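**Student:** Quick one: the structure is below, questions incoming.
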Amino acid sequence: MCGIVGYAGRRPATALLLDGLRRLEYRGYDSAGVALLEAGGLTCRKTVGRLDNLDKLLAGDPLAGRVGIGHTRWATHGEPSTVNSHPHLDGAGRIAVVHNGIIENYQELRAELEARGCVFQSQTDTEVVPHLIAAEWTAGRDFLAAVRAALVRCRGAYALGILNAAEPDVFYAARKGSPLIIGLGAEENFIASDVPAILKQVAEVVYLEEDQLARISADCIELFDLAGQAVPVQPQPLTLAAESADRAGFETFMLKEIHEQPRVLRSLLESHLDVPGGPRAFDRGDLDPAAWRALKQVTLVSCGTAYYAALYGRLLLERLTGLSVAVELGSEFRYAPGKVGPETLFLAVSQSGETADTLAGVRCARARGCRIAAICNVDGSTLVRESDAVLFTHAGPEIGVASTKAYTAQLMSLIFVALCAARARGELTADALAEWDRELRHVPDALHYVLNRGEAIAAIAAKHYEGPSSLYLGRRFNYPTALEGALKNKEISYQHAEGYAAGEMKHGPIALINEYVPVVCLCTRTEDEVYEKMISNVREVEARHGRIIAVVSEGDHQLDDVAEDVIPVPALREELSPLVNVVALQLLAYYAARARGNDIDKPRNLAKSVTVE
Ligand code: G6P
């Protein structure tokens, strides 16, 4: 989704804006632009395609100035084109605006403005904003009041950066629904859509709140609400280590993040198991035993990869706690909120904490009296600020668009929640808990084992990446793993892939199977008949000449003669097996994408953080 940066300081702004935009590239974009304030007024450069194009444009036709805004656009309204790229200007070219979000009533506003003589250049929703501000400004208000008056008329979501040619030392920022942070430096200040953009530049940040506006210069930050009342500025230290936004020698962020998983899980384990009275579920606002016992239901809400984590969470919570558990997609729940109420723990799972549909689900549940809890990777995100209880996955910035370490951290977090709920509700004996504790501590090493098989997995991917389509099959705890494996594959390798509950294969996808179709079968050993049922499904694939890639528990040779390729992973209890299985599938997708020559960290059309509906 669109990325915004802004700068006011003593240094030339262009290079800083470009550097910030580069660090937001992971969000996904199709065009980019900057606008700067110079002594001579406001100037702007924009272009389609990668930031390199903007870089070249600026090299040939540089912009001077120490105050500016920049943007990477992910098209929603209007095709990717230079004219639709941001910044957008008012008719007189005095006001420039960059925007992330959607102005939902833009058609109505545009019609009104056109009737008043405004001429629009683009097809975007954003362009109404500079025109509206200009209309309010020429009505005699001061600029800040004009911005406020314009924003009050906008429905939808926005994070905005705004320049005014008449005020060469300042820029403005505003937020409703889409994230925006202000970074505080020495004699310079920034804005950005996300921390990595300014991580190396500042030590303190202010998280702009809903319906807040900021007036920012090199030496001063002023905050206001939409009524124009001043709001105190409360900076917070920035705690992420700057190097976590670098590739650390890996060829891509995604590969680096895949390899970070053992460390991420180990530190999660330590911070949740090695605490007095552990395990602990939530880092902030944890539920006491009475609160766990009073619960009647847990409803999980999420999108994308986090939704698959939630599907896993439901299985585990139901198995361990006896609670009734529902899983909802944010985009569906917001329009069809099932039965939730004060006895529901509404648990949102989100890497970014900014996904519009997940947040909408949370607000809907809040209105129905639910207690809101979150499993989230980003402190200070909107979700974290709107939740009563928070479990931080602490995976560090995830830059690769395809989620990897955030997913395994979400699975692990859901294990802590399930264990705590089960213990408080008297469903887990001390011995059983001790056994879980022991086995959980093996997981990081088990992940290392899979990572060490990277080359072998790359060789398997090299054989299969050209297939027309691929199937991923799993049962019970590994059904969500199959869904996630297929998602990884389609996200970065662009090969059509479907994840399926293995028992459902015969109800449709079996028609796809022939000698060209790779079928990834998750054949983890279980203590009951589920394993045998899975093996039967593999035989069904064999009978149709599908190309079987079997992920099996180490030491299991039952499929050696059936599968074209076998990926052994450490044998863990079934509930923990998704943690190792998914790493094998991440690598499989990764090397397939690499064999196809794709841009792995920036897959086409995708956005890291989907802040619009
Ligand atoms: C986008 C990302 C996915 C992510 C999903 C939900 O689609 O590309 O990787 O799973 O959003 O994001 P969240 O930040 O809420 O986990």
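Going by the structure tokens order, chains are called A, B, ..., each with residues numbered from 1, while ligands are numbered from 1 in the order shown.
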Which neighbours of region 118-131 of chain A fall inside 10 Å, counting only C-alpha atoms, when residues of the same chain fewer than 6 positions from it are skipped, and could you give them as a PyMOL selection string?

**Tutor:** chain A and resi 75-79+81-112+137+147+150-151+153-154+158+160+162-164

**Student:** Using only C-alpha atoms and all ligand atoms, find each protein or nucleic acid residue lying at most 9 Å from ligand 1; present the set as JSON, numbers by chain.

**Tutor:** {"A": [27, 28, 302, 303, 304, 305, 306, 307, 308, 348, 349, 350, 351, 352, 353, 354, 355, 356, 357, 358, 359, 376, 377, 378, 400, 401, 402, 403, 404, 406, 407, 488, 491, 606, 607, 608, 609, 610, 611]}

**Student:** What does the file look like for those residues with N, CA, C and O atoms, as a compact mmCIF listing (two decimals), in the first residue's frame?

**Tutor:**
```txt
# COMPACT_ATOMS: atom_id res chain seq x y z
N ARG A 27 6.20 -2.23 0.85
CA ARG A 27 4.75 -2.13 0.95
C ARG A 27 4.07 -2.40 -0.38
O ARG A 27 2.86 -2.64 -0.42
N GLY A 28 4.83 -2.37 -1.48
CA GLY A 28 4.26 -2.58 -2.79
C GLY A 28 3.88 -1.22 -3.40
O GLY A 28 3.32 -0.38 -2.70
N SER A 302 -8.81 -11.84 11.33
CA SER A 302 -7.52 -11.57 10.67
C SER A 302 -7.71 -11.61 9.16
O SER A 302 -8.81 -11.86 8.68
N CYS A 303 -6.63 -11.40 8.44
CA CYS A 303 -6.65 -11.44 6.97
C CYS A 303 -5.36 -12.12 6.47
O CYS A 303 -4.35 -12.09 7.17
N GLY A 304 -5.42 -12.65 5.28
CA GLY A 304 -4.22 -13.17 4.61
C GLY A 304 -3.55 -14.28 5.41
O GLY A 304 -4.20 -15.18 5.95
N THR A 305 -2.23 -14.19 5.48
CA THR A 305 -1.47 -15.19 6.22
C THR A 305 -1.93 -15.29 7.68
O THR A 305 -2.01 -16.38 8.24
N ALA A 306 -2.22 -14.15 8.26
CA ALA A 306 -2.64 -14.15 9.67
C ALA A 306 -3.96 -14.92 9.85
O ALA A 306 -4.22 -15.49 10.91
N TYR A 307 -4.76 -14.98 8.80
CA TYR A 307 -6.02 -15.75 8.86
C TYR A 307 -5.69 -17.24 8.98
O TYR A 307 -6.34 -17.98 9.71
N TYR A 308 -4.67 -17.67 8.26
CA TYR A 308 -4.30 -19.09 8.36
C TYR A 308 -3.74 -19.40 9.74
O TYR A 308 -3.96 -20.48 10.28
N ALA A 348 -7.64 -10.47 17.65
CA ALA A 348 -7.19 -10.09 16.30
C ALA A 348 -5.74 -10.52 16.12
O ALA A 348 -4.92 -10.33 17.01
N VAL A 349 -5.45 -11.10 14.97
CA VAL A 349 -4.08 -11.52 14.67
C VAL A 349 -3.61 -10.71 13.46
O VAL A 349 -4.25 -10.74 12.41
N SER A 350 -2.52 -9.97 13.64
CA SER A 350 -2.07 -9.11 12.55
C SER A 350 -0.59 -8.80 12.70
O SER A 350 -0.14 -8.40 13.77
N GLN A 351 0.14 -8.97 11.63
CA GLN A 351 1.56 -8.58 11.66
C GLN A 351 1.67 -7.08 11.86
O GLN A 351 2.31 -6.61 12.78
N SER A 352 1.02 -6.32 10.99
CA SER A 352 1.21 -4.87 10.96
C SER A 352 0.39 -4.13 12.01
O SER A 352 0.78 -3.05 12.45
N GLY A 353 -0.76 -4.68 12.36
CA GLY A 353 -1.68 -3.94 13.23
C GLY A 353 -2.36 -2.80 12.51
O GLY A 353 -2.97 -1.93 13.14
N GLU A 354 -2.26 -2.77 11.18
CA GLU A 354 -2.85 -1.66 10.43
C GLU A 354 -3.79 -2.15 9.34
O GLU A 354 -4.26 -1.33 8.54
N THR A 355 -4.04 -3.43 9.25
CA THR A 355 -4.89 -3.95 8.17
C THR A 355 -6.32 -3.43 8.35
O THR A 355 -6.95 -3.69 9.38
N ALA A 356 -6.80 -2.73 7.34
CA ALA A 356 -8.08 -2.02 7.48
C ALA A 356 -9.22 -2.96 7.85
O ALA A 356 -10.03 -2.65 8.73
N ASP A 357 -9.29 -4.12 7.20
CA ASP A 357 -10.41 -5.03 7.46
C ASP A 357 -10.34 -5.64 8.87
O ASP A 357 -11.37 -5.83 9.52
N THR A 358 -9.15 -5.94 9.32
CA THR A 358 -9.01 -6.48 10.68
C THR A 358 -9.42 -5.42 11.70
O THR A 358 -10.16 -5.71 12.66
N LEU A 359 -9.00 -4.19 11.47
CA LEU A 359 -9.36 -3.10 12.39
C LEU A 359 -10.87 -2.86 12.37
O LEU A 359 -11.48 -2.62 13.42
N CYS A 376 0.19 -9.17 17.72
CA CYS A 376 0.62 -8.16 16.75
C CYS A 376 2.14 -7.99 16.80
O CYS A 376 2.76 -8.18 17.83
N ASN A 377 2.69 -7.58 15.66
CA ASN A 377 4.15 -7.44 15.58
C ASN A 377 4.62 -6.00 15.74
O ASN A 377 5.81 -5.77 15.86
N VAL A 378 3.70 -5.06 15.69
CA VAL A 378 4.15 -3.66 15.65
C VAL A 378 3.60 -2.88 16.85
O VAL A 378 2.41 -2.59 16.92
N GLY A 400 9.94 -8.34 3.73
CA GLY A 400 9.46 -9.15 2.60
C GLY A 400 7.94 -9.11 2.59
O GLY A 400 7.31 -9.26 3.64
N VAL A 401 7.36 -8.87 1.41
CA VAL A 401 5.90 -8.77 1.37
C VAL A 401 5.25 -10.08 1.79
O VAL A 401 4.26 -10.09 2.52
N ALA A 402 5.82 -11.19 1.35
CA ALA A 402 5.26 -12.49 1.74
C ALA A 402 5.66 -12.77 3.19
O ALA A 402 6.84 -12.81 3.52
N SER A 403 4.69 -12.95 4.03
CA SER A 403 4.94 -13.09 5.46
C SER A 403 5.56 -14.45 5.79
O SER A 403 5.11 -15.48 5.30
N THR A 404 6.58 -14.45 6.61
CA THR A 404 7.22 -15.71 7.01
C THR A 404 7.40 -15.75 8.52
O THR A 404 6.69 -16.47 9.23
N ALA A 406 6.63 -13.63 10.72
CA ALA A 406 5.45 -13.18 11.47
C ALA A 406 4.48 -14.33 11.64
O ALA A 406 3.83 -14.47 12.68
N TYR A 407 4.39 -15.20 10.61
CA TYR A 407 3.44 -16.33 10.68
C TYR A 407 3.85 -17.32 11.77
O TYR A 407 3.04 -17.68 12.62
N LYS A 488 1.97 -18.81 -0.14
CA LYS A 488 3.36 -18.37 -0.35
C LYS A 488 3.74 -18.57 -1.81
O LYS A 488 4.34 -17.72 -2.43
N GLU A 491 1.94 -16.09 -4.12
CA GLU A 491 2.38 -14.71 -3.87
C GLU A 491 3.69 -14.38 -4.57
O GLU A 491 3.83 -13.32 -5.15
N LEU A 606 1.08 -6.91 -5.02
CA LEU A 606 0.83 -7.13 -3.59
C LEU A 606 1.29 -5.94 -2.76
O LEU A 606 2.20 -5.22 -3.13
N ALA A 607 0.66 -5.80 -1.62
CA ALA A 607 1.07 -4.77 -0.66
C ALA A 607 1.31 -5.45 0.67
O ALA A 607 0.64 -6.40 1.03
N LYS A 608 2.28 -4.95 1.39
CA LYS A 608 2.62 -5.55 2.68
C LYS A 608 1.54 -5.26 3.71
O LYS A 608 1.17 -6.11 4.51
N SER A 609 1.09 -4.04 3.71
CA SER A 609 0.16 -3.65 4.74
C SER A 609 -1.06 -3.06 4.04
O SER A 609 -0.95 -2.03 3.37
N VAL A 610 -2.18 -3.76 4.12
CA VAL A 610 -3.34 -3.38 3.31
C VAL A 610 -4.22 -2.46 4.13
O VAL A 610 -5.09 -2.89 4.89
N THR A 611 -3.98 -1.17 3.97
CA THR A 611 -4.63 -0.19 4.83
C THR A 611 -5.90 0.37 4.21
O THR A 611 -6.45 1.33 4.71
```

**Student:** Could the residues of region 313-334 of chain A that have an atom at most 10 Å from region 573-581 of chain A be listed as a Markdown table, each with its closest atom pair and the distance in Å to one decimal, counting only C-alpha atoms and ordered by chain and ascending residue number?

**Tutor:**
```
| residue | atom | partner | partner_atom | distance |
| --- | --- | --- | --- | --- |
| A:Leu315 | CA | A:Glu575 | CA | 8.9 |
| A:Leu316 | CA | A:Glu575 | CA | 7.2 |
| A:Arg319 | CA | A:Glu575 | CA | 9.7 |
```

**Student:** With N, CA, C and O atoms retained, export the selected residues as an mmCIF file, in the first residue's frame.

**Tutor:**
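Wrote it out as again_22.cif, contents follow:
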```cif
data_model
loop_
_atom_site.group_PDB
_atom_site.id
_atom_site.type_symbol
_atom_site.label_atom_id
_atom_site.label_comp_id
_atom_site.auth_asym_id
_atom_site.auth_seq_id
_atom_site.Cartn_x
_atom_site.Cartn_y
_atom_site.Cartn_z
ATOM 1 N N LEU A 315 -8.064 -24.555 16.049
ATOM 2 C CA LEU A 315 -7.896 -25.993 16.313
ATOM 3 C C LEU A 315 -7.244 -26.211 17.669
ATOM 4 O O LEU A 315 -7.657 -27.076 18.452
ATOM 5 N N LEU A 316 -6.223 -25.414 17.948
ATOM 6 C CA LEU A 316 -5.477 -25.617 19.189
ATOM 7 C C LEU A 316 -6.309 -25.211 20.409
ATOM 8 O O LEU A 316 -6.368 -25.935 21.406
ATOM 9 N N ARG A 319 -8.920 -27.775 20.984
ATOM 10 C CA ARG A 319 -8.375 -29.033 21.506
ATOM 11 C C ARG A 319 -7.988 -28.892 22.973
ATOM 12 O O ARG A 319 -8.231 -29.780 23.783
#
```

**Student:** Could you give me, as a ChimeraX atom specification, the residues within 7 Å of Cys2 (chain A), counting only C-alpha atoms and dropping anything in the same chain fewer than 6 positions from it?

**Tutor:** /A:27,29,71-74,100

**Student:** Please produce a file of the residues just selected, as a PDB file, in the first residue's frame, where the atoms kept are all heavy atoms.

**Tutor:**
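Below is the file that was written, out_6.pdb:
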```pdb
ATOM      1  N   ARG A  27       6.197  -2.232   0.848  1.00  0.00           N
ATOM      2  CA  ARG A  27       4.751  -2.127   0.948  1.00  0.00           C
ATOM      3  C   ARG A  27       4.067  -2.400  -0.381  1.00  0.00           C
ATOM      4  O   ARG A  27       2.864  -2.641  -0.424  1.00  0.00           O
ATOM      5  CB  ARG A  27       4.368  -0.725   1.434  1.00  0.00           C
ATOM      6  CG  ARG A  27       4.852  -0.421   2.830  1.00  0.00           C
ATOM      7  CD  ARG A  27       4.757   1.040   3.139  1.00  0.00           C
ATOM      8  NE  ARG A  27       3.393   1.488   3.320  1.00  0.00           N
ATOM      9  CZ  ARG A  27       2.724   1.451   4.467  1.00  0.00           C
ATOM     10  NH1 ARG A  27       3.312   0.943   5.530  1.00  0.00           N
ATOM     11  NH2 ARG A  27       1.498   1.891   4.565  1.00  0.00           N
ATOM     12  N   TYR A  29       4.217  -0.987  -4.686  1.00  0.00           N
ATOM     13  CA  TYR A  29       3.872   0.286  -5.326  1.00  0.00           C
ATOM     14  C   TYR A  29       4.055   0.147  -6.820  1.00  0.00           C
ATOM     15  O   TYR A  29       4.678  -0.804  -7.308  1.00  0.00           O
ATOM     16  CB  TYR A  29       4.754   1.421  -4.778  1.00  0.00           C
ATOM     17  CG  TYR A  29       6.213   1.325  -5.194  1.00  0.00           C
ATOM     18  CD1 TYR A  29       6.721   2.142  -6.196  1.00  0.00           C
ATOM     19  CD2 TYR A  29       7.056   0.398  -4.612  1.00  0.00           C
ATOM     20  CE1 TYR A  29       8.040   2.043  -6.594  1.00  0.00           C
ATOM     21  CE2 TYR A  29       8.375   0.288  -5.015  1.00  0.00           C
ATOM     22  CZ  TYR A  29       8.863   1.113  -6.000  1.00  0.00           C
ATOM     23  OH  TYR A  29      10.163   0.990  -6.404  1.00  0.00           O
ATOM     24  N   HIS A  71       6.201   9.969  -2.073  1.00  0.00           N
ATOM     25  CA  HIS A  71       5.109   8.990  -2.076  1.00  0.00           C
ATOM     26  C   HIS A  71       5.414   7.840  -3.014  1.00  0.00           C
ATOM     27  O   HIS A  71       5.956   8.037  -4.107  1.00  0.00           O
ATOM     28  CB  HIS A  71       3.835   9.705  -2.555  1.00  0.00           C
ATOM     29  CG  HIS A  71       2.583   8.903  -2.440  1.00  0.00           C
ATOM     30  ND1 HIS A  71       2.071   8.155  -3.479  1.00  0.00           N
ATOM     31  CD2 HIS A  71       1.725   8.735  -1.408  1.00  0.00           C
ATOM     32  CE1 HIS A  71       0.940   7.582  -3.091  1.00  0.00           C
ATOM     33  NE2 HIS A  71       0.708   7.910  -1.827  1.00  0.00           N
ATOM     34  N   THR A  72       5.077   6.635  -2.606  1.00  0.00           N
ATOM     35  CA  THR A  72       5.007   5.510  -3.533  1.00  0.00           C
ATOM     36  C   THR A  72       3.545   5.109  -3.595  1.00  0.00           C
ATOM     37  O   THR A  72       2.891   4.950  -2.566  1.00  0.00           O
ATOM     38  CB  THR A  72       5.857   4.318  -3.059  1.00  0.00           C
ATOM     39  OG1 THR A  72       5.633   4.122  -1.657  1.00  0.00           O
ATOM     40  CG2 THR A  72       7.326   4.530  -3.314  1.00  0.00           C
ATOM     41  N   ARG A  73       3.025   4.966  -4.814  1.00  0.00           N
ATOM     42  CA  ARG A  73       1.579   4.728  -4.981  1.00  0.00           C
ATOM     43  C   ARG A  73       1.285   3.282  -5.344  1.00  0.00           C
ATOM     44  O   ARG A  73       1.961   2.696  -6.184  1.00  0.00           O
ATOM     45  CB  ARG A  73       1.047   5.633  -6.103  1.00  0.00           C
ATOM     46  CG  ARG A  73      -0.408   5.365  -6.458  1.00  0.00           C
ATOM     47  CD  ARG A  73      -0.948   6.377  -7.464  1.00  0.00           C
ATOM     48  NE  ARG A  73      -2.369   6.207  -7.660  1.00  0.00           N
ATOM     49  CZ  ARG A  73      -2.933   5.696  -8.773  1.00  0.00           C
ATOM     50  NH1 ARG A  73      -2.173   5.329  -9.792  1.00  0.00           N
ATOM     51  NH2 ARG A  73      -4.243   5.563  -8.862  1.00  0.00           N
ATOM     52  N   TRP A  74       0.287   2.737  -4.717  1.00  0.00           N
ATOM     53  CA  TRP A  74      -0.271   1.422  -5.065  1.00  0.00           C
ATOM     54  C   TRP A  74      -1.679   1.708  -5.550  1.00  0.00           C
ATOM     55  O   TRP A  74      -2.556   2.082  -4.765  1.00  0.00           O
ATOM     56  CB  TRP A  74      -0.269   0.529  -3.821  1.00  0.00           C
ATOM     57  CG  TRP A  74      -0.629  -0.903  -4.064  1.00  0.00           C
ATOM     58  CD1 TRP A  74       0.190  -1.894  -4.508  1.00  0.00           C
ATOM     59  CD2 TRP A  74      -1.907  -1.516  -3.839  1.00  0.00           C
ATOM     60  NE1 TRP A  74      -0.497  -3.081  -4.589  1.00  0.00           N
ATOM     61  CE2 TRP A  74      -1.783  -2.874  -4.185  1.00  0.00           C
ATOM     62  CE3 TRP A  74      -3.146  -1.056  -3.394  1.00  0.00           C
ATOM     63  CZ2 TRP A  74      -2.844  -3.771  -4.094  1.00  0.00           C
ATOM     64  CZ3 TRP A  74      -4.203  -1.948  -3.297  1.00  0.00           C
ATOM     65  CH2 TRP A  74      -4.043  -3.291  -3.644  1.00  0.00           C
ATOM     66  N   ASN A 100      -2.285   8.205   1.531  1.00  0.00           N
ATOM     67  CA  ASN A 100      -2.467   6.752   1.627  1.00  0.00           C
ATOM     68  C   ASN A 100      -3.852   6.540   2.200  1.00  0.00           C
ATOM     69  O   ASN A 100      -4.188   7.112   3.233  1.00  0.00           O
ATOM     70  CB  ASN A 100      -1.395   6.150   2.555  1.00  0.00           C
ATOM     71  CG  ASN A 100      -1.645   4.670   2.857  1.00  0.00           C
ATOM     72  OD1 ASN A 100      -2.312   3.987   2.094  1.00  0.00           O
ATOM     73  ND2 ASN A 100      -1.116   4.196   3.970  1.00  0.00           N
TER      74      ASN A 100
END
```

**Student:** Taking only C-alpha atoms into account, which of A:Ala482, A:His442, A:Pro276, A:Val170 comes nearest Tyr312 (chain A)?

**Tutor:**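 Looking at the shortest contact to Tyr312 (chain A), the residue is A:Ala482.
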
**Student:** So which residues touch Leu451 (chain A) within 9 Å, counting only C-alpha atoms, skipping near sequence neighbours fewer than 3 positions away, as a PDB file with all heavy atoms, in the first residue's frame?

**Tutor:**
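Full text of out_4.pdb as output:
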```
ATOM      1  N   ILE A 258      13.167 -15.638   6.683  1.00  0.00           N
ATOM      2  CA  ILE A 258      12.964 -17.083   6.857  1.00  0.00           C
ATOM      3  C   ILE A 258      14.022 -17.616   7.838  1.00  0.00           C
ATOM      4  O   ILE A 258      13.733 -18.395   8.733  1.00  0.00           O
ATOM      5  CB  ILE A 258      13.050 -17.810   5.488  1.00  0.00           C
ATOM      6  CG1 ILE A 258      11.822 -17.489   4.637  1.00  0.00           C
ATOM      7  CG2 ILE A 258      13.197 -19.316   5.673  1.00  0.00           C
ATOM      8  CD1 ILE A 258      11.893 -18.019   3.199  1.00  0.00           C
ATOM      9  N   HIS A 259      15.253 -17.141   7.662  1.00  0.00           N
ATOM     10  CA  HIS A 259      16.343 -17.627   8.514  1.00  0.00           C
ATOM     11  C   HIS A 259      16.307 -17.038   9.917  1.00  0.00           C
ATOM     12  O   HIS A 259      16.978 -17.556  10.816  1.00  0.00           O
ATOM     13  CB  HIS A 259      17.692 -17.357   7.836  1.00  0.00           C
ATOM     14  CG  HIS A 259      17.990 -18.370   6.770  1.00  0.00           C
ATOM     15  ND1 HIS A 259      18.746 -19.492   6.993  1.00  0.00           N
ATOM     16  CD2 HIS A 259      17.562 -18.451   5.488  1.00  0.00           C
ATOM     17  CE1 HIS A 259      18.805 -20.215   5.891  1.00  0.00           C
ATOM     18  NE2 HIS A 259      18.096 -19.601   4.950  1.00  0.00           N
ATOM     19  N   ALA A 446      14.613 -27.443  15.718  1.00  0.00           N
ATOM     20  CA  ALA A 446      13.939 -28.170  14.631  1.00  0.00           C
ATOM     21  C   ALA A 446      13.858 -27.277  13.385  1.00  0.00           C
ATOM     22  O   ALA A 446      14.021 -27.748  12.255  1.00  0.00           O
ATOM     23  CB  ALA A 446      12.546 -28.608  15.079  1.00  0.00           C
ATOM     24  N   LEU A 447      13.625 -26.003  13.592  1.00  0.00           N
ATOM     25  CA  LEU A 447      13.584 -25.077  12.448  1.00  0.00           C
ATOM     26  C   LEU A 447      14.962 -24.973  11.787  1.00  0.00           C
ATOM     27  O   LEU A 447      15.070 -24.935  10.559  1.00  0.00           O
ATOM     28  CB  LEU A 447      13.111 -23.691  12.891  1.00  0.00           C
ATOM     29  CG  LEU A 447      11.625 -23.399  12.652  1.00  0.00           C
ATOM     30  CD1 LEU A 447      10.733 -24.325  13.447  1.00  0.00           C
ATOM     31  CD2 LEU A 447      11.283 -21.958  12.963  1.00  0.00           C
ATOM     32  N   HIS A 448      16.008 -24.947  12.610  1.00  0.00           N
ATOM     33  CA  HIS A 448      17.365 -24.922  12.047  1.00  0.00           C
ATOM     34  C   HIS A 448      17.592 -26.116  11.138  1.00  0.00           C
ATOM     35  O   HIS A 448      18.200 -26.007  10.077  1.00  0.00           O
ATOM     36  CB  HIS A 448      18.408 -24.963  13.175  1.00  0.00           C
ATOM     37  CG  HIS A 448      18.775 -23.598  13.672  1.00  0.00           C
ATOM     38  ND1 HIS A 448      19.274 -22.620  12.844  1.00  0.00           N
ATOM     39  CD2 HIS A 448      18.714 -23.057  14.909  1.00  0.00           C
ATOM     40  CE1 HIS A 448      19.504 -21.525  13.546  1.00  0.00           C
ATOM     41  NE2 HIS A 448      19.167 -21.758  14.805  1.00  0.00           N
ATOM     42  N   GLY A 454      18.046 -26.265   3.003  1.00  0.00           N
ATOM     43  CA  GLY A 454      17.691 -25.288   1.965  1.00  0.00           C
ATOM     44  C   GLY A 454      18.107 -25.714   0.564  1.00  0.00           C
ATOM     45  O   GLY A 454      17.325 -25.609  -0.379  1.00  0.00           O
ATOM     46  N   GLU A 455      19.333 -26.243   0.442  1.00  0.00           N
ATOM     47  CA  GLU A 455      19.806 -26.596  -0.903  1.00  0.00           C
ATOM     48  C   GLU A 455      18.987 -27.709  -1.518  1.00  0.00           C
ATOM     49  O   GLU A 455      18.640 -27.690  -2.692  1.00  0.00           O
ATOM     50  CB  GLU A 455      21.268 -27.032  -0.839  1.00  0.00           C
ATOM     51  CG  GLU A 455      22.191 -25.907  -1.224  1.00  0.00           C
ATOM     52  CD  GLU A 455      23.649 -26.352  -1.211  1.00  0.00           C
ATOM     53  OE1 GLU A 455      23.940 -27.443  -1.741  1.00  0.00           O
ATOM     54  OE2 GLU A 455      24.455 -25.601  -0.658  1.00  0.00           O
ATOM     55  N   VAL A 583       8.055 -23.979   7.282  1.00  0.00           N
ATOM     56  CA  VAL A 583       9.371 -23.470   6.878  1.00  0.00           C
ATOM     57  C   VAL A 583       9.812 -24.177   5.591  1.00  0.00           C
ATOM     58  O   VAL A 583      10.348 -23.546   4.662  1.00  0.00           O
ATOM     59  CB  VAL A 583      10.408 -23.641   8.005  1.00  0.00           C
ATOM     60  CG1 VAL A 583      11.788 -23.197   7.546  1.00  0.00           C
ATOM     61  CG2 VAL A 583       9.983 -22.828   9.227  1.00  0.00           C
ATOM     62  N   ALA A 584       9.543 -25.475   5.508  1.00  0.00           N
ATOM     63  CA  ALA A 584       9.872 -26.197   4.268  1.00  0.00           C
ATOM     64  C   ALA A 584       9.091 -25.601   3.098  1.00  0.00           C
ATOM     65  O   ALA A 584       9.629 -25.422   1.997  1.00  0.00           O
ATOM     66  CB  ALA A 584       9.548 -27.683   4.436  1.00  0.00           C
ATOM     67  N   LEU A 587      10.488 -22.233   1.964  1.00  0.00           N
ATOM     68  CA  LEU A 587      11.695 -22.390   1.140  1.00  0.00           C
ATOM     69  C   LEU A 587      11.344 -22.882  -0.259  1.00  0.00           C
ATOM     70  O   LEU A 587      11.925 -22.449  -1.254  1.00  0.00           O
ATOM     71  CB  LEU A 587      12.679 -23.354   1.819  1.00  0.00           C
ATOM     72  CG  LEU A 587      13.343 -22.811   3.095  1.00  0.00           C
ATOM     73  CD1 LEU A 587      14.110 -23.922   3.813  1.00  0.00           C
ATOM     74  CD2 LEU A 587      14.296 -21.650   2.781  1.00  0.00           C
TER      75      LEU A 587
END
```

**Student:** At a cut-off of 12 Å, using only C-alpha atoms, what residues contact Ala456 (chain A)? Leave out same-chain residues fewer than 5 positions from it and give the result as a PyMOL selection string.

**Tutor:** chain A and resi 450-451+461-463+565-568+584+587-588+591

**Student:** Could you list, as a short mmCIF file (atom, residue, chain, number, x, y, z; two decimals) with N, CA and C atoms, in the first residue's frame, every residue within 8 Å of Ala218 (chain A), counting only C-alpha atoms and ignoring same-chain residues fewer than 5 positions away?

**Tutor:**
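The resulting file, selection-v3.cif, is reproduced below:
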```cif
data_model
loop_
_atom_site.label_atom_id
_atom_site.label_comp_id
_atom_site.auth_asym_id
_atom_site.auth_seq_id
_atom_site.Cartn_x
_atom_site.Cartn_y
_atom_site.Cartn_z
N ALA A 8 11.39 18.05 6.98
CA ALA A 8 11.68 19.48 7.14
C ALA A 8 12.94 19.56 7.98
N GLY A 9 13.98 20.21 7.46
CA GLY A 9 15.23 20.27 8.22
C GLY A 9 16.25 21.15 7.54
N ARG A 10 17.52 20.88 7.85
CA ARG A 10 18.60 21.71 7.29
C ARG A 10 19.27 21.02 6.10
N ASP A 169 8.74 26.86 5.06
CA ASP A 169 9.50 26.14 6.09
C ASP A 169 8.74 25.00 6.76
N VAL A 170 7.50 24.79 6.37
CA VAL A 170 6.72 23.77 7.10
C VAL A 170 6.01 22.84 6.12
N GLU A 187 17.20 19.26 14.83
CA GLU A 187 16.96 20.30 13.85
C GLU A 187 16.35 19.76 12.56
N GLU A 188 15.62 18.66 12.67
CA GLU A 188 14.92 18.13 11.51
C GLU A 188 13.82 17.19 11.99
N ASN A 189 12.75 17.14 11.23
CA ASN A 189 11.65 16.24 11.57
C ASN A 189 11.13 15.56 10.32
#
```

**Student:** From the set A:Val443, A:Ala186, A:Ala214, A:Val264, which residue has the shortest atom-to-atom contact distance to Leu572 (chain A), counting only C-alpha atoms?

**Tutor:**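 Going through A:Val443, A:Ala186, A:Ala214, A:Val264 one by one, the smallest distance to Leu572 (chain A) is for A:Val443.
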
**Student:** Would you pick out the contacts of region 499-511 of chain A at 12 Å or less, using only C-alpha atoms, so that residues sharing its chain but fewer than 5 positions from it are not included, and give the list as a VMD selection string?

**Tutor:** chain A and resid 308 469 to 490 517 519 to 523 530 to 546 585
